[in-house]
Each structure stands twice: as C-alpha cells, then as structure tokens.
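Each remark here refers to the structure printed beneath this line.
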Amino acid sequence: MSAHASAADPSDSGRRRKPLEWLGSRFPFAIPGILLYGVLVLAPLGLSFSYSFTNRNLLSPQAEFVGLDNYIRLLSDATFLSSFGFTAVLTLATLVGVNAFALGVSLLLDKVNRAYFAMRTAFFVPVALSGVIVAFIWSRILTDNGVLNTLLRSLGLEQLALSWLGTPITAQGSVIFVTGWQATGLAVVIYLAALQTVPKDLLDAARIDGAGWGRSFHSVTWPLIAPAVTINSTLILINGFKAFDIPTVLTGTGPGGATATAATEVIRVGFDLNRAGLASAMAIIMLIVVAAVTIVVVGLLQKREVAH
Amino acid sequence: MNTEMTQRRIMNRRIVGGVIAATVVTALTLTGCTAAEPETGGDAQAPAKISFLTFQSPALSEQFWEDAVGAVLEDFPNLEVEILYTPDLDRQGYANTLLATGTLPDVILDAPTRDFVQAGALLPFDDSVAELFETPLSTIEGKPYALPVGVQVIPQIYYNKTVFDELDLEAPTTYAEFEAAAATIKAAGLTPFLIGGGGADSWTTTMLLNGIINSDVLGADPDWVVKRAAGEVKFTDPEFAAAVEKWVALNNAGYFNADALSTDYGQLQAKFLSGEGVMFPMGTWAAAISGDFEIGVFALPSDSGPTAQGVLVPHSYSVAATSEFPAQAQAFAVAMASSDVMVTAQLLNDALLPVKAGYELPSDLAPLVSETISVWQAEGSVSVDPFGRFLSGERALPSGFAVEYEKSAQNLLTGAVTVEQFLTELDALFDDLNQ
C-alpha cells in the first residue's frame, strides 16, 4: 500500500521523509490566507464564544463571567424560541419548495435555444438583486392596496385579496414565499447545469427500452443530478437559518414579532438591547444548529450520491 | 548602496514605530484604559477638524445640512466639519453601534442620552446654555448633555377639516366628544383613525395609544416612568390599564384602518392625504404636510378636557467625551442648536417647533404650523415627556423596551393577547431590561 502510494504521488513520499522541510517550504505561502481567516473568521468566532459566557453589554467595558446562564435563559425565552421556530419553518419550507419548484422549472428550461436562454436569465435576475431590494419590491406588491390585491380585485377575486403583510400567518407566508422566490434562481441554474451533464445516450437507451418520461426521470435523471440536490439543499439550509434582510425589510419582523428570525433576534438583542453576551449565546446556538443540520442532511444526500 | 541602506533604515524605523504604536493601542485596549477625560475648556476658535453625525430625511436633505453647517461655520473660520449620515432613520441604534466600535463622532445628533451618559460617552454642557432656550433642558444628574433645536409634540391629532365640516363636527375638547366624533365618522362609512405599523414603522401603531398614556397616566404623574423604574408603580396598575383599555375600545369599535399593520409611515401619510381616513394621530412634524383638503389639528383631549401633551426634543446635539477638540465641538453644537438659521430652517422644513429664547416666528409660516404651535401652547395644556420610544433623559424607557412595547401593542390589536397579558408582559419586560 505504501509502495503504491509512493508510486502514485511522489510528493507524498517526500512529505513523509522530510515533513518539516516540506512544511517549511510551503507554509510561508499559506500565511496570508491563514491570517485573513484567523482575523476575519476564527477571532470573531472565538470572541463571540467567550462573550456568550459573560453578561457583556455594548455600553459598558465591564463584563462578568456568568457561566451557562445565557444558554439556560435562552432555553426558556419565548421570544427566542418563537423566532427560532419560525426560522426552522422558513428553512424547511424553502428547502422543500425551492428544490421542487426549481427542479420543475429546470426540466422545462432544459433546452437549447434563445427563448429558453432568455427565460433562464429572467429566473436568475432575483439572485443578482440584494435581499433588501427584493423585499422592498415585494412589500409594494404585497401591501394591502398593492399590486397583488389590486390585480385580484380587478379579476373579481376580492375574497382572495388578503392582508398579506398585516396578520401573523399571512406575513409569515409572505416572508417564506419571498425568501424562496429569491433562492429559486440560483437553484434553477444549478439544476440546469446538472441536467445538461446527463448523457443523452442513457436517456435514449431508456426510451428504446420502453421507459416513459417518468420512468426515465426516476431511473436515469434523478440519480445523476444527486450532487446538484446536495448543493442546493446545503445552500438553502444555510441561507434559511441566517435569513435576515427579507424579514427585516418586508415586515420589520412584524406584525407583533411574528416574522422575527434567529438572525434578526441576534441583532435586536445585541444592538437594541445592548446585550452582547446574550446575543453571542444566540449566535453560538445558531451556529451549532446550522452546522448539525447541514452535516446530517449533506451526509444523507451524499450517501444517496454514492449509492447511485 | 547608501541610498538603499538609508531606505532600509527608514523602513525598519517605520515598522518598529508601527509595532510600538500597535502594542500601545493593544495594551490600552486590553487593560480597558482610555485617553484621559478631555477638558471642556479651551479655545473654541482654535483650528480643528471635527465630525458631526446627523441623518437625512425628505425634509432634511444632504443639501440642507451642508447649507446649515456652512452658515454656522461662518462664525468659526478655523473649524472644519465632516458631516456623517446615519444609514437610516434609526439614529440611536447607529450611534450605539459607533460607540461599541469606538468610532463615535465628535458631535452627535440624537444620541441615546441616558445610555450614553451612563457609559461615560458624553460631555456635559455648561449650565449657562440653559439661558439660550425657553423650555427647561433635559438633564441627567442636573447636567445638560443635549441641546435642542426645537420640539415636537407627540402626538397631536391632524384631521380632515372638510369632512368634519360636512359631518357638522367640531374639534373635540373632551375625550367623550372625541369618541362621539369617531362614532359619527364611522357611521358615515369613513375610517375615523389612521394608524400604521408595517415594515420597520411599528412606532406608528402606538401613536394614539401613546397620546392616551401621555394624557391619562403621565399627565397625572409626570414621573410615572421613574417610579416604574423604582418599582413603585406597575403597568398592571388601574391607571395604566384604563388608558390601554381606551385604545382597545377604539380598536374594537372598528375605528382604525383594517390595513394598519401592513401600512408603513410613508403609506400612512399618503392614505391621510388621499382622504382614506379622517383623523391622523401623528407627531407635529406632520404640520409640514398639505393635501387637497383643509387640514386642522387638535390636542388629544382628556376626560376633563385640558390635556397633557407629550413634548419631545427630537433633534438634540451632544458632544462625545472622546472628542479631541471638546471646546470646538461644544461651541459648534451650541451654535447649531441656537442658530436662527438652523431654527428657522428646521421650523420651515420639518415643522420643528422653536424653543430658542427670544426667537420670533417668521411671518410667512404655514397656517397648519401656526395652528400646531397654538394647540401646543394652549391655555390649560401641560407638557410631559412623551411615552414610547420618544422618552429621553432620566425618564427614558430602558433600551429596547419601546420597540417590544410596540410589537406587543400590535399583538393586542390583532387580538393575539388580552389587555391583561399585554400589561403583564410589559412589566416583565421592563423589569428584565431595567436591570
């Protein structure tokens, strides 16, 4: 095995023979990257972790160690739990909804001509816009006398003209919809790229064997685009858990805090209430949950990729 | 060769100097040391460059601030002022962020005074500045930390005079007349009150509720919030509960616009100007608006008639304790707050009611602004610090409380909580945030 490895990769054998020399010759090139990562990611993460065990207040230089008090408090904090619950619902809904819709759209757009190219571009436009702009545009569409309700009334569908941003349930639905709407563009592009790697001869062979569209999709296409499902799911999970700009601008996290997410709560507690210690504990909990869910989901999806 | 060596030496010195500077800064940061507290004395006319944090709004544009600062700087030829703007209207939130990051500008408009004084972030002004103003300055431990340009009354009730005339209504002078007017308007198929709450504008939800609390709770006891902080009174007490019940009764009677919680401030004002509602409880900055109909204004009346009006110093100038040029910064702040040019500009542009001693109102003042001032200064009316996010100084609510109060009020409006739950939540929240 060792001989095989040496034969396959001479640099590996060099590394084993003189590890310090190998490290010394390469490490200087990694220093800028390590420094940047350390200063911009690891140091803030470490600080946030240490703050989470204190009662640090942004207006006061003094902070006392409070152990696990912040974490214990959050476990029974109705506002935090409610925001976390909505974040989980938002993430799950966009995970399922965006994957399903984007895949459907991708299958329709999986053609090569100018009209389809234009439609692909149209689907990608929301991705290029910031969440703030997307939320602002949709706030004008969804407000009570906005574009949507005006359209519904003009079609005689008065009973469907709801207060989309004015009640807790409809506002939560609106935030989920707009978040999903913006995420769909990128998911479509990723699925389209994956669909175009599916060998045509496999699909032709399936058709010759008598497989219909559904059978071909289930047995040929779906297994081969498994990596795209993994990528999209991972991105949607991460973006869902850190949703901030759309609920902030679209509903102001209202009405009555119904559309507050874990991320908006971190900012509110940290900067409105000045409780940096408590906000840091929230952020650490978010990090742990996002990491755990992502690892589990990606693990499951990658198993599916390997199985196929 | 010599040149190369000299350059190397210079480079080495720079590196060593940089390291020493970084070490000193790091050491000071780690040990919690800051520069010695600056003296407030000094030559206000000495050369200096200071920064000034303000904000932009439709009425207070970048051009407005440049002109206003330019006019004041004519008296300070050696002073250079860099104008900075908050990214949105949340001046206090942005100031908090700047304080936390150690980048507080020299002069700040609308700093959260109570928090900043507790954090040692502001310099007090000399007591003599009080002579420049007709109203008493808000103080903390007897010292003024913020200078007003003018005041706003929050709220007054702006109303559609044309509709009032058509329905044969007069501006109400008691709360019973106020309710009766709303009932008449509702019976005519119109929306009596416009309130908002959409997007980030949750403050518009509680505008009328705040007015009732000002009138019924703070009017009876202007120190109610101080007493609440001391635990001597509670939100669940009958006086406060009765004020909230009044507001809930108006909601239950269907007097508010149904789309309140999806209507932001801009849309709310547009609705009033398009005639979609008859009464518009709003701060006196609304005196600057005009529509296709005649607009009138009255003070929200109490049960007995004369009311307590919430009077806010909205735009106050404070000076950071970290300013390198405290004398120049304070002189600039005093000049901005007391300049006739600034007072007139803010009166005309933003309907900011003047409080400068000896100031004479311009002759070409808009009728609605004149009427607003008359209502504010009406005989029998008293001034209190306005409830909600507008309280300042020693009577300010704990940081973050007002926004939570507004959110809870939205839940009250939708029926998600009862009055009792609302008040109990407020007590728990206040106690938590007041620690």
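Letters A, B, ... go to the chains of the structure tokens in the order shown; residues in each chain start at 1; ligands are counted from 1 in the same order.
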
Could you tell me which residues of chain B sit within 10 Å of chain A when counting only C-alpha atoms, and give me the result as a ChimeraX atom specification? /B:32-33,92-94,96-97,99-101,115-121,197-202,258-264,267,398-401,403-414,416,433

Write out as a count of residues only all residues of segment 93-228 of chain B that DSSP puts in helix (DSSP H, G or I) for this structure's backbone. 59

Near Asn239 of chain A, counting only C-alpha atoms, which residues have an atom at most 10 Å away, once you skip same-chain residues fewer than 4 positions from it, shown as a PyMOL selection string? chain A and resi 91+94-95+179+183+233-235+243-244+290

Filtering to N, CA and C atoms, could you give me those residues as a compact mmCIF listing (two decimals), in the first residue's frame?
```txt
# COMPACT_ATOMS: atom_id res chain seq x y z
N THR A 91 -36.95 27.64 6.88
CA THR A 91 -35.88 26.85 6.25
C THR A 91 -36.45 25.57 5.62
N THR A 94 -38.64 26.43 2.53
CA THR A 94 -37.87 26.81 1.34
C THR A 94 -37.05 25.62 0.84
N LEU A 95 -36.61 24.78 1.77
CA LEU A 95 -35.83 23.60 1.34
C LEU A 95 -36.68 22.72 0.41
N THR A 179 -38.55 34.74 0.32
CA THR A 179 -37.23 34.12 0.52
C THR A 179 -37.03 33.00 -0.51
N ALA A 183 -34.41 32.59 -3.79
CA ALA A 183 -33.48 31.44 -3.81
C ALA A 183 -33.66 30.58 -5.05
N SER A 233 -29.55 21.98 -1.56
CA SER A 233 -30.09 21.80 -0.20
C SER A 233 -29.18 22.46 0.83
N THR A 234 -27.89 22.30 0.63
CA THR A 234 -26.94 22.90 1.58
C THR A 234 -27.07 24.43 1.57
N LEU A 235 -27.11 25.00 0.37
CA LEU A 235 -27.21 26.47 0.26
C LEU A 235 -28.52 26.97 0.88
N ALA A 243 -31.56 33.84 7.61
CA ALA A 243 -32.46 34.82 6.98
C ALA A 243 -32.56 36.09 7.82
N PHE A 244 -32.26 37.21 7.22
CA PHE A 244 -32.26 38.47 7.97
C PHE A 244 -32.87 39.62 7.16
N VAL A 290 -27.14 25.08 12.81
CA VAL A 290 -26.91 25.09 11.35
C VAL A 290 -25.88 24.03 10.99
```

Calculated over only C-alpha atoms, which of the candidates A:Trp213, A:Tyr191, A:Phe65, A:Phe241 has the smallest distance to Ala228 of chain A?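 Among the listed residues, A:Tyr191 lies closest to Ala228 of chain A.
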
Residues near segment 77-85 of chain A, cut-off 8 Å, only C-alpha atoms, skip fewer than 3 positions along chain, as a PDB file with C-alpha atoms, in the first residue's frame:
```
ATOM      1  CA  ARG A  73     -32.103  31.575  29.808  1.00  0.00           C
ATOM      2  CA  LEU A  74     -32.477  31.101  26.051  1.00  0.00           C
ATOM      3  CA  ALA A  88     -36.969  26.355  11.224  1.00  0.00           C
ATOM      4  CA  VAL A  89     -40.326  26.513   9.406  1.00  0.00           C
ATOM      5  CA  ALA A 258     -44.335  37.079  14.122  1.00  0.00           C
ATOM      6  CA  THR A 259     -41.680  37.084  11.387  1.00  0.00           C
ATOM      7  CA  ALA A 260     -38.647  37.541  13.598  1.00  0.00           C
ATOM      8  CA  THR A 261     -35.921  35.033  12.752  1.00  0.00           C
ATOM      9  CA  ALA A 262     -32.987  33.814  14.796  1.00  0.00           C
ATOM     10  CA  GLU A 265     -33.139  38.334  17.162  1.00  0.00           C
TER      11      GLU A 265
END
```

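Near segment 125-139 of chain B, within 6 Å and counting only C-alpha atoms, sit Lys143, Pro144, Tyr145, Val355, Lys356, Ala357 and Gly393 of chain B, not including residues fewer than 4 positions from it in the same chain.
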
Those same residues, written as a PDB file, in the first residue's frame with N, CA and C atoms?
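File produced: part_8.pdb:
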```pdb
ATOM      1  N   LYS B 143     -27.161  67.836  35.015  1.00  0.00           N
ATOM      2  CA  LYS B 143     -26.310  68.416  33.964  1.00  0.00           C
ATOM      3  C   LYS B 143     -26.950  68.237  32.592  1.00  0.00           C
ATOM      4  N   PRO B 144     -26.897  69.287  31.755  1.00  0.00           N
ATOM      5  CA  PRO B 144     -27.432  69.126  30.390  1.00  0.00           C
ATOM      6  C   PRO B 144     -26.408  68.446  29.482  1.00  0.00           C
ATOM      7  N   TYR B 145     -26.849  67.411  28.817  1.00  0.00           N
ATOM      8  CA  TYR B 145     -25.968  66.687  27.889  1.00  0.00           C
ATOM      9  C   TYR B 145     -26.449  66.823  26.446  1.00  0.00           C
ATOM     10  N   VAL B 355     -37.779  76.577  20.315  1.00  0.00           N
ATOM     11  CA  VAL B 355     -37.701  76.814  21.766  1.00  0.00           C
ATOM     12  C   VAL B 355     -36.562  77.777  22.098  1.00  0.00           C
ATOM     13  N   LYS B 356     -35.960  78.350  21.079  1.00  0.00           N
ATOM     14  CA  LYS B 356     -34.855  79.269  21.337  1.00  0.00           C
ATOM     15  C   LYS B 356     -35.391  80.544  21.983  1.00  0.00           C
ATOM     16  N   ALA B 357     -34.740  80.990  23.039  1.00  0.00           N
ATOM     17  CA  ALA B 357     -35.183  82.194  23.746  1.00  0.00           C
ATOM     18  C   ALA B 357     -35.113  83.403  22.815  1.00  0.00           C
ATOM     19  N   GLY B 393     -33.739  61.419  28.377  1.00  0.00           N
ATOM     20  CA  GLY B 393     -33.217  61.865  29.662  1.00  0.00           C
ATOM     21  C   GLY B 393     -33.469  60.843  30.756  1.00  0.00           C
TER      22      GLY B 393
END
```

Residue contacts of Leu186 of chain A (10 Å, only C-alpha atoms) excluding same-chain residues fewer than 3 positions away, as a list in words: Val98, Ala102, Phe123, Phe124, Val125, Pro126, Val127, Ala128, Gln182, Ala183, Val189, Ile190, Tyr191, Leu192, Asn232, Leu235 and Ile236 of chain A

Those same residues - C-alpha atoms - I'd like them written as a compact mmCIF listing (two decimals), in the first residue's frame.
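File selection.txt, as written:
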```
# COMPACT_ATOMS: atom_id res chain seq x y z
CA VAL A 98 -37.45 25.73 -3.76
CA ALA A 102 -36.53 24.89 -9.22
CA PHE A 123 -35.08 33.35 -13.48
CA PHE A 124 -31.55 34.32 -12.43
CA VAL A 125 -32.27 38.04 -12.04
CA PRO A 126 -33.52 37.82 -8.41
CA VAL A 127 -30.23 36.21 -7.41
CA ALA A 128 -28.35 39.27 -8.62
CA GLN A 182 -35.13 34.82 -4.44
CA ALA A 183 -33.48 31.44 -3.81
CA VAL A 189 -29.09 27.42 -12.60
CA ILE A 190 -27.51 24.62 -10.57
CA TYR A 191 -30.17 22.11 -11.66
CA LEU A 192 -29.87 23.19 -15.28
CA ASN A 232 -28.93 23.29 -3.48
CA LEU A 235 -27.21 26.47 0.26
CA ILE A 236 -30.92 26.72 1.09
```

Select from segment 66-259 of chain B everything DSSP, run on the backbone, classes as strand (DSSP E), then give the selection as a ChimeraX atom specification. /B:79-85,107-109,122-123,139-140,143-144,147-148,150-153,156-160

Fewer than 2 positions away in the same chain doesn't count, so skip those; otherwise give me all residues within 7 Å of Phe256 of chain B, counting only C-alpha atoms, as number ranges by chain. B: 191-195, 251, 254, 258

Restricting the calculation to only C-alpha atoms, which member of B:Ile295, B:Ala68, B:Leu300, B:Val81 is positioned closest to Thr344 of chain B? B:Ala68

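With atom CA of Lys186 of chain B on one side and atom CA of Gly211 of chain B on the other, the separation reads 20.9 Å.
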
From the set B:Val311, B:Ala286, B:Val72, B:Leu53, which residue has the shortest atom-to-atom contact distance to Asp385 of chain B, counting only C-alpha atoms?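 Of B:Val311, B:Ala286, B:Val72, B:Leu53, the one nearest Asp385 of chain B, counting only C-alpha atoms, is B:Val311.
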
With distances taken over only C-alpha atoms, which residue among A:Ser50, A:Thr184, A:Ser174, A:Ser25 lies nearest Val96 of chain A?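 The answer is A:Thr184, which sits nearest to Val96 of chain A.
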